[in-house]
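The structure file run-v7.txt is reproduced below (compact mmCIF, C-alpha atoms).
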```
# COMPACT_ATOMS: atom_id res chain seq x y z
CA MET A 1 168.19 -15.73 -33.33
CA PRO A 2 166.17 -12.52 -32.64
CA PRO A 3 167.20 -9.29 -34.45
CA LYS A 4 169.75 -7.15 -32.61
CA SER A 5 167.55 -4.10 -32.23
CA TYR A 6 163.90 -3.36 -31.62
CA ALA A 7 161.73 -0.25 -31.46
CA GLN A 8 160.51 1.32 -28.26
CA ALA A 9 157.92 4.11 -28.03
CA ASP A 10 158.01 6.81 -25.35
CA SER A 11 154.47 6.76 -23.98
CA THR A 12 154.75 10.31 -22.59
CA ARG A 13 155.52 11.84 -25.99
CA CYS A 14 153.36 9.63 -28.23
CA ALA A 15 150.36 11.33 -29.88
CA SER A 16 148.77 7.90 -30.55
CA CYS A 17 148.13 8.84 -34.20
CA GLY A 18 148.83 5.28 -35.39
CA ALA A 19 151.19 6.22 -38.24
CA CYS A 20 153.76 3.70 -36.91
CA LYS A 21 151.17 0.94 -36.64
CA HIS A 22 150.35 1.26 -40.35
CA GLU A 23 153.99 1.31 -41.37
CA CYS A 24 155.08 -1.75 -39.35
CA PRO A 25 155.64 -4.68 -41.73
CA LYS A 26 155.31 -7.21 -38.89
CA GLY A 27 152.18 -5.92 -37.18
CA ALA A 28 154.26 -5.48 -34.03
CA ILE A 29 152.74 -2.13 -33.04
CA SER A 30 149.38 -1.42 -31.49
CA VAL A 31 147.88 1.69 -29.91
CA TRP A 32 147.04 0.89 -26.31
CA LYS A 33 143.47 2.07 -25.65
CA GLY A 34 144.00 5.28 -27.62
CA CYS A 35 146.71 6.46 -25.22
CA TYR A 36 150.08 5.51 -26.74
CA ALA A 37 151.81 3.14 -29.14
CA VAL A 38 153.17 -0.14 -27.81
CA VAL A 39 155.77 -2.24 -29.63
CA ASP A 40 155.83 -5.99 -29.18
CA PRO A 41 159.59 -6.73 -28.93
CA GLU A 42 158.98 -10.37 -29.83
CA LEU A 43 157.54 -9.42 -33.22
CA CYS A 44 159.70 -6.34 -33.90
CA VAL A 45 162.55 -6.88 -36.36
CA GLY A 46 164.13 -3.47 -35.74
CA CYS A 47 163.67 -2.21 -39.31
CA GLY A 48 163.08 1.35 -38.06
CA GLN A 49 160.21 2.15 -40.43
CA CYS A 50 158.04 3.21 -37.48
CA ALA A 51 160.68 5.64 -36.19
CA LYS A 52 161.01 7.07 -39.69
CA VAL A 53 157.32 7.98 -39.96
CA CYS A 54 156.61 8.91 -36.33
CA PRO A 55 155.73 12.63 -36.36
CA THR A 56 156.55 13.13 -32.69
CA GLY A 57 159.91 11.33 -32.82
CA CYS A 58 158.94 9.26 -29.79
CA ILE A 59 160.15 5.94 -31.23
CA GLU A 60 163.76 4.91 -30.79
CA LEU A 61 165.61 1.79 -31.80
CA LYS A 62 167.24 0.00 -28.89
CA THR A 63 169.59 -2.95 -28.92
CA ARG A 64 168.43 -6.03 -27.06
CA GLU A 65 171.64 -5.93 -25.01
CA GLU A 66 170.61 -2.47 -23.72
CA ALA A 67 167.26 -3.84 -22.63
CA HIS A 68 168.84 -6.65 -20.62
CA GLN A 69 171.21 -4.30 -18.78
CA MET B 1 154.18 -1.39 -44.63
CA ASN B 2 150.97 -3.35 -44.04
CA SER B 3 149.74 -4.18 -47.52
CA ALA B 4 146.27 -5.57 -46.74
CA LYS B 5 143.77 -2.83 -47.62
CA HIS B 6 140.45 -2.28 -45.89
CA TRP B 7 137.42 -0.21 -46.87
CA TYR B 8 138.39 2.45 -44.34
CA ASP B 9 141.81 2.93 -45.94
CA TYR B 10 140.18 5.04 -48.66
CA PHE B 11 138.85 7.88 -46.53
CA TRP B 12 141.51 10.15 -48.05
CA ILE B 13 139.28 10.24 -51.14
CA TRP B 14 136.48 11.53 -48.94
CA THR B 15 138.72 14.39 -47.75
CA ILE B 16 139.33 15.51 -51.34
CA VAL B 17 135.65 15.14 -52.27
CA TYR B 18 134.69 17.15 -49.17
CA PHE B 19 136.79 20.15 -50.18
CA ILE B 20 135.55 20.01 -53.79
CA LEU B 21 131.92 19.89 -52.66
CA GLY B 22 132.46 22.81 -50.29
CA PHE B 23 134.03 24.80 -53.10
CA PHE B 24 130.85 24.57 -55.16
CA ASN B 25 128.23 24.59 -52.40
CA ILE B 26 129.20 25.61 -48.91
CA LEU B 27 126.27 23.74 -47.36
CA PHE B 28 128.07 20.46 -48.13
CA ALA B 29 130.63 21.57 -45.55
CA TRP B 30 128.18 20.36 -42.91
CA LEU B 31 129.32 16.85 -43.86
CA GLY B 32 132.62 17.72 -42.19
CA MET B 33 130.91 17.32 -38.84
CA PHE B 34 131.48 13.60 -39.43
CA ASP B 35 135.23 14.16 -38.94
CA PHE B 36 134.51 16.26 -35.89
CA LEU B 37 131.99 14.14 -34.03
CA VAL B 38 132.87 10.53 -34.89
CA PRO B 39 136.38 10.61 -33.32
CA LEU B 40 134.85 12.05 -30.17
CA LEU B 41 132.15 9.35 -30.12
CA PHE B 42 134.83 6.65 -30.52
CA ALA B 43 136.84 8.15 -27.66
CA ILE B 44 133.90 8.80 -25.32
CA PHE B 45 132.01 5.55 -25.82
CA GLY B 46 134.75 3.21 -27.06
CA GLY B 47 137.68 4.63 -25.09
CA ASN B 48 139.91 4.39 -28.14
CA LYS B 49 141.32 6.36 -31.08
CA TRP B 50 140.16 3.92 -33.72
CA PHE B 51 138.97 6.79 -35.90
CA CYS B 52 142.36 8.58 -35.80
CA ASN B 53 144.24 5.32 -36.29
CA HIS B 54 142.16 3.92 -39.15
CA MET B 55 139.59 6.33 -40.56
CA CYS B 56 141.12 9.82 -40.49
CA GLY B 57 140.99 11.02 -44.09
CA ARG B 58 143.32 13.91 -43.32
CA GLY B 59 146.04 11.62 -41.92
CA GLN B 60 145.60 9.19 -44.81
CA LEU B 61 145.86 11.98 -47.37
CA LEU B 62 149.09 13.21 -45.78
CA THR B 63 150.44 9.65 -46.06
CA VAL B 64 149.22 9.08 -49.62
CA ILE B 65 150.46 12.33 -51.23
CA PRO B 66 154.19 11.75 -50.51
CA GLN B 67 153.84 8.21 -51.89
CA ILE B 68 152.83 9.49 -55.35
CA PRO B 69 156.38 10.45 -56.51
CA HIS B 70 157.73 7.15 -55.11
CA ILE B 71 155.19 5.17 -57.12
CA MET B 72 155.87 7.25 -60.24
CA HIS B 73 159.62 6.74 -59.80
CA LYS B 74 159.26 2.98 -59.35
CA ARG B 75 157.26 2.81 -62.58
CA SER B 76 159.77 4.91 -64.50
CA VAL B 77 162.66 2.72 -63.24
CA LYS B 78 160.74 -0.36 -64.36
CA ARG B 79 160.23 1.16 -67.82
CA TRP B 80 163.90 2.19 -67.88
CA ARG B 81 164.98 -1.41 -67.09
CA GLU B 82 162.62 -2.83 -69.68
CA SER B 83 164.04 -0.49 -72.33
CA GLY B 84 167.41 -2.20 -71.83
CA ALA B 85 169.18 1.06 -70.93
CA GLN B 86 172.65 0.80 -69.40
CA GLY B 87 174.31 2.77 -66.58
CA ALA B 88 173.21 4.01 -63.19
CA VAL B 89 169.53 3.77 -62.24
CA PRO B 90 167.91 7.24 -62.52
CA LYS B 91 167.44 8.95 -59.15
CA GLN B 92 164.09 10.10 -57.85
CA ARG B 93 163.99 13.86 -58.33
CA LEU B 94 160.47 14.74 -57.23
CA ILE B 95 159.59 14.53 -53.53
CA PHE B 96 156.51 15.88 -51.76
CA SER B 97 157.85 15.53 -48.23
CA ARG B 98 161.37 16.27 -47.05
CA GLY B 99 160.93 13.73 -44.24
CA GLN B 100 162.85 15.94 -41.81
CA ALA B 101 162.41 15.48 -38.08
CA THR B 102 159.54 17.47 -36.56
CA PRO B 103 160.77 20.38 -34.41
CA ALA B 104 160.69 19.27 -30.76
CA TRP B 105 158.29 22.04 -29.69
CA MET B 106 155.49 20.85 -31.98
CA PRO B 107 154.68 17.57 -30.19
CA ALA B 108 155.54 19.11 -26.79
CA LYS B 109 152.66 19.13 -24.32
CA TRP B 110 152.55 22.92 -23.91
CA PHE B 111 152.15 23.40 -27.66
CA ARG B 112 149.67 20.54 -28.17
CA TYR B 113 147.40 21.68 -25.36
CA GLY B 114 147.91 25.35 -26.21
CA PHE B 115 146.90 24.71 -29.82
CA LEU B 116 143.88 22.74 -28.63
CA VAL B 117 142.76 25.69 -26.50
CA PHE B 118 143.34 28.08 -29.42
CA PHE B 119 141.42 25.76 -31.78
CA LEU B 120 138.50 25.50 -29.37
CA ALA B 121 138.48 29.29 -28.91
CA MET B 122 138.33 29.73 -32.69
CA PHE B 123 135.52 27.17 -32.83
CA GLY B 124 133.76 29.16 -30.12
CA ASN B 125 134.11 32.24 -32.32
CA ILE B 126 132.40 30.36 -35.18
CA LEU B 127 129.50 29.56 -32.86
CA TYR B 128 129.38 33.21 -31.73
CA GLN B 129 129.27 34.46 -35.35
CA THR B 130 126.51 31.94 -36.09
CA TRP B 131 124.53 33.17 -33.10
CA LYS B 132 124.95 36.79 -34.24
CA VAL B 133 123.59 35.96 -37.73
CA TYR B 134 120.73 34.04 -36.09
CA GLY B 135 119.97 37.27 -34.23
CA GLY B 136 119.81 39.32 -37.46
CA ALA B 137 123.43 40.21 -38.32
CA THR B 138 124.54 40.08 -41.97
CA LEU B 139 125.86 36.79 -43.37
CA ARG B 140 129.56 36.94 -44.31
CA GLN B 141 130.01 34.88 -47.47
CA ALA B 142 133.74 34.40 -47.09
CA VAL B 143 136.22 31.77 -46.00
CA THR B 144 138.88 32.87 -43.52
CA LEU B 145 142.22 31.17 -44.03
CA PHE B 146 144.71 30.83 -41.18
CA TRP B 147 142.22 32.78 -39.03
CA THR B 148 143.42 35.94 -40.80
CA PHE B 149 142.92 36.11 -44.57
CA SER B 150 139.37 36.58 -45.75
CA VAL B 151 138.73 34.95 -49.13
CA PRO B 152 135.41 35.77 -50.90
CA TRP B 153 133.38 32.57 -51.35
CA ASP B 154 130.03 33.99 -52.43
CA TRP B 155 129.54 31.68 -55.43
CA ALA B 156 129.13 28.74 -53.07
CA TYR B 157 125.92 29.95 -51.48
CA THR B 158 122.55 30.83 -53.01
CA ALA B 159 120.60 33.25 -50.83
CA GLY B 160 117.48 31.66 -49.41
CA SER B 161 118.63 28.05 -49.94
CA SER B 162 118.96 27.66 -46.16
CA PRO B 163 118.53 29.83 -43.05
CA GLU B 164 121.43 32.29 -43.03
CA TRP B 165 122.77 31.13 -39.66
CA VAL B 166 123.11 27.60 -41.12
CA ALA B 167 125.28 29.03 -43.89
CA GLN B 168 127.27 31.24 -41.49
CA TYR B 169 128.20 28.20 -39.38
CA VAL B 170 129.53 26.26 -42.36
CA PHE B 171 131.46 29.19 -43.80
CA GLY B 172 133.30 29.21 -40.46
CA PHE B 173 133.58 25.46 -40.22
CA TYR B 174 134.84 25.09 -43.79
CA SER B 175 137.42 27.82 -43.04
CA LEU B 176 138.64 25.75 -40.08
CA MET B 177 138.81 22.56 -42.17
CA LEU B 178 140.59 24.28 -45.05
CA THR B 179 143.07 26.03 -42.75
CA SER B 180 143.98 22.80 -40.97
CA ALA B 181 144.33 21.03 -44.35
CA PHE B 182 146.71 23.72 -45.62
CA LEU B 183 148.67 23.63 -42.36
CA GLY B 184 148.92 19.84 -42.65
CA LEU B 185 150.12 20.06 -46.26
CA ILE B 186 152.73 22.75 -45.50
CA LEU B 187 154.07 20.69 -42.58
CA MET B 188 154.01 17.55 -44.73
CA VAL B 189 156.32 19.25 -47.23
CA LEU B 190 158.68 20.70 -44.62
CA TYR B 191 158.89 17.81 -42.17
CA LYS B 192 157.49 14.26 -41.93
CA PRO B 193 154.28 13.47 -43.82
CA ARG B 194 152.09 13.29 -40.73
CA THR B 195 153.61 16.13 -38.73
CA TRP B 196 150.13 17.67 -38.42
CA CYS B 197 149.09 14.60 -36.36
CA SER B 198 151.65 15.49 -33.68
CA PHE B 199 149.48 18.42 -32.55
CA CYS B 200 146.14 17.82 -34.31
CA PRO B 201 143.51 19.23 -31.92
CA MET B 202 141.12 16.34 -32.56
CA GLY B 203 143.93 13.86 -31.85
CA THR B 204 144.91 15.71 -28.67
CA MET B 205 141.30 15.90 -27.53
CA THR B 206 140.57 12.21 -28.16
CA GLN B 207 143.85 11.17 -26.53
CA LEU B 208 142.96 13.23 -23.45
CA ILE B 209 139.55 11.53 -23.29
CA CYS B 210 141.16 8.09 -23.65
CA ARG B 211 143.77 8.89 -20.98
CA PHE B 212 141.00 10.07 -18.67
CA ARG B 213 138.92 6.97 -19.30
CA HIS B 214 141.85 4.64 -18.65
CA ARG B 215 143.51 6.77 -15.94
CA LYS B 216 143.49 3.90 -13.42
CA GLU B 217 145.38 1.60 -15.78
CA LEU B 218 147.98 4.18 -16.84
```

I need this file expressed as structure tokens, please.
Amino acid sequence: MPPKSYAQADSTRCASCGACKHECPKGAISVWKGCYAVVDPELCVGCGQCAKVCPTGCIELKTREEAHQ
Amino acid sequence: MNSAKHWYDYFWIWTIVYFILGFFNILFAWLGMFDFLVPLLFAIFGGNKWFCNHMCGRGQLLTVIPQIPHIMHKRSVKRWRESGAQGAVPKQRLIFSRGQATPAWMPAKWFRYGFLVFFLAMFGNILYQTWKVYGGATLRQAVTLFWTFSVPWDWAYTAGSSPEWVAQYVFGFYSLMLTSAFLGLILMVLYKPRTWCSFCPMGTMTQLICRFRHRKEL
């Protein structure tokens, strides 16, 4: 069963510094062509480490139910 | 956190070495052009921020410093357990970063782009001062911190060891590097470790280049 929550990055606010990518224990985050961070929801376990280190505060944890609505 | 280490994960050592070298001989500050040009080359020719994401010594240093008290605490807890002591585990008292949320205006577009313009204007001023010394003006052997405070730095340059305009450029460039390092460290303490990255002019510039290069896919 997949974890209840997963991280989502706001591409308009992301500075694409890559701090989240380094912190992710599952390698679920990549920086799309230097423009913004992208989280793979399939790999994300919703631990929130990326949101904790993100200097712009553009990463939020969302529940999977929210995403399906 | 990703535990596999690569050779480029140690560029934070380079950042420290750079400032030490510049303290003793200002001409070493020319090496800082590496941090200035390579990210731009990655962005222009590669269309990515690989340098910022993997090789930025400044960003790495701001990540490494706050980890030091955590590592020290872990070791002391281990020693405490091994000693057979009873009671509550000692709390970590020393922290180098408060980890507070960055104020919303710092990563806001108006501030990021405004700071980039300011940074480029200050860089333009360095070039202007260099040009003036090339034209015969007197070399100023000082480092200017926060674009305001002039700190004498005359021990770091021996007259005649290079053309004076070469030295004038690096006095300015080293001032810029030192100022941004201090700003990064102050913000690291007050907010999240890599708060500086949220409006780093190099990061903003390379992101703009990447966004321009991939504008059709955005």

Select all residues from chain A having any atom no more than 6 Å from an atom of chain B (counting all atoms listed in the file, ignoring ligands), output as a PDB file with C-alpha atoms, in the frame of the given file.
```
ATOM      1  CA  ALA A  15     150.360  11.330 -29.880  1.00  0.00           C
ATOM      2  CA  CYS A  17     148.130   8.840 -34.200  1.00  0.00           C
ATOM      3  CA  GLY A  18     148.830   5.280 -35.390  1.00  0.00           C
ATOM      4  CA  HIS A  22     150.350   1.260 -40.350  1.00  0.00           C
ATOM      5  CA  GLU A  23     153.990   1.310 -41.370  1.00  0.00           C
ATOM      6  CA  CYS A  24     155.080  -1.750 -39.350  1.00  0.00           C
ATOM      7  CA  PRO A  25     155.640  -4.680 -41.730  1.00  0.00           C
ATOM      8  CA  LYS A  33     143.470   2.070 -25.650  1.00  0.00           C
ATOM      9  CA  GLY A  34     144.000   5.280 -27.620  1.00  0.00           C
ATOM     10  CA  CYS A  35     146.710   6.460 -25.220  1.00  0.00           C
ATOM     11  CA  PRO A  55     155.730  12.630 -36.360  1.00  0.00           C
ATOM     12  CA  THR A  56     156.550  13.130 -32.690  1.00  0.00           C
TER      13      THR A  56
END
```

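Separating atom CA of Gln129 of chain B from atom CA of Pro163 of chain B is a distance of 14.0 Å.
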
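Atom CA of Asp9 of chain B lies 22.7 Å from atom CA of Arg75 of chain B.
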
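Note that the spacing between atom CA of Ala4 of chain B and atom CA of Lys91 of chain B amounts to 28.5 Å.
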
What's around Ile65 of chain B at 12 Å? Count only C-alpha atoms, leave out sequence neighbours fewer than 2 positions away in its own chain, and write the answer as a PyMOL selection string.
chain B and resi 12-13+16+57-63+67-72+94-97+184-185+188-189+192-194

Select all residues near (164.1, 1.8, -32.2) (cut-off 10 Å, inclusive, file coordinates), counting all atoms listed in the file, and output them as an MDAnalysis selection string.
chainID A and resid 5:9 39 44:52 58:63
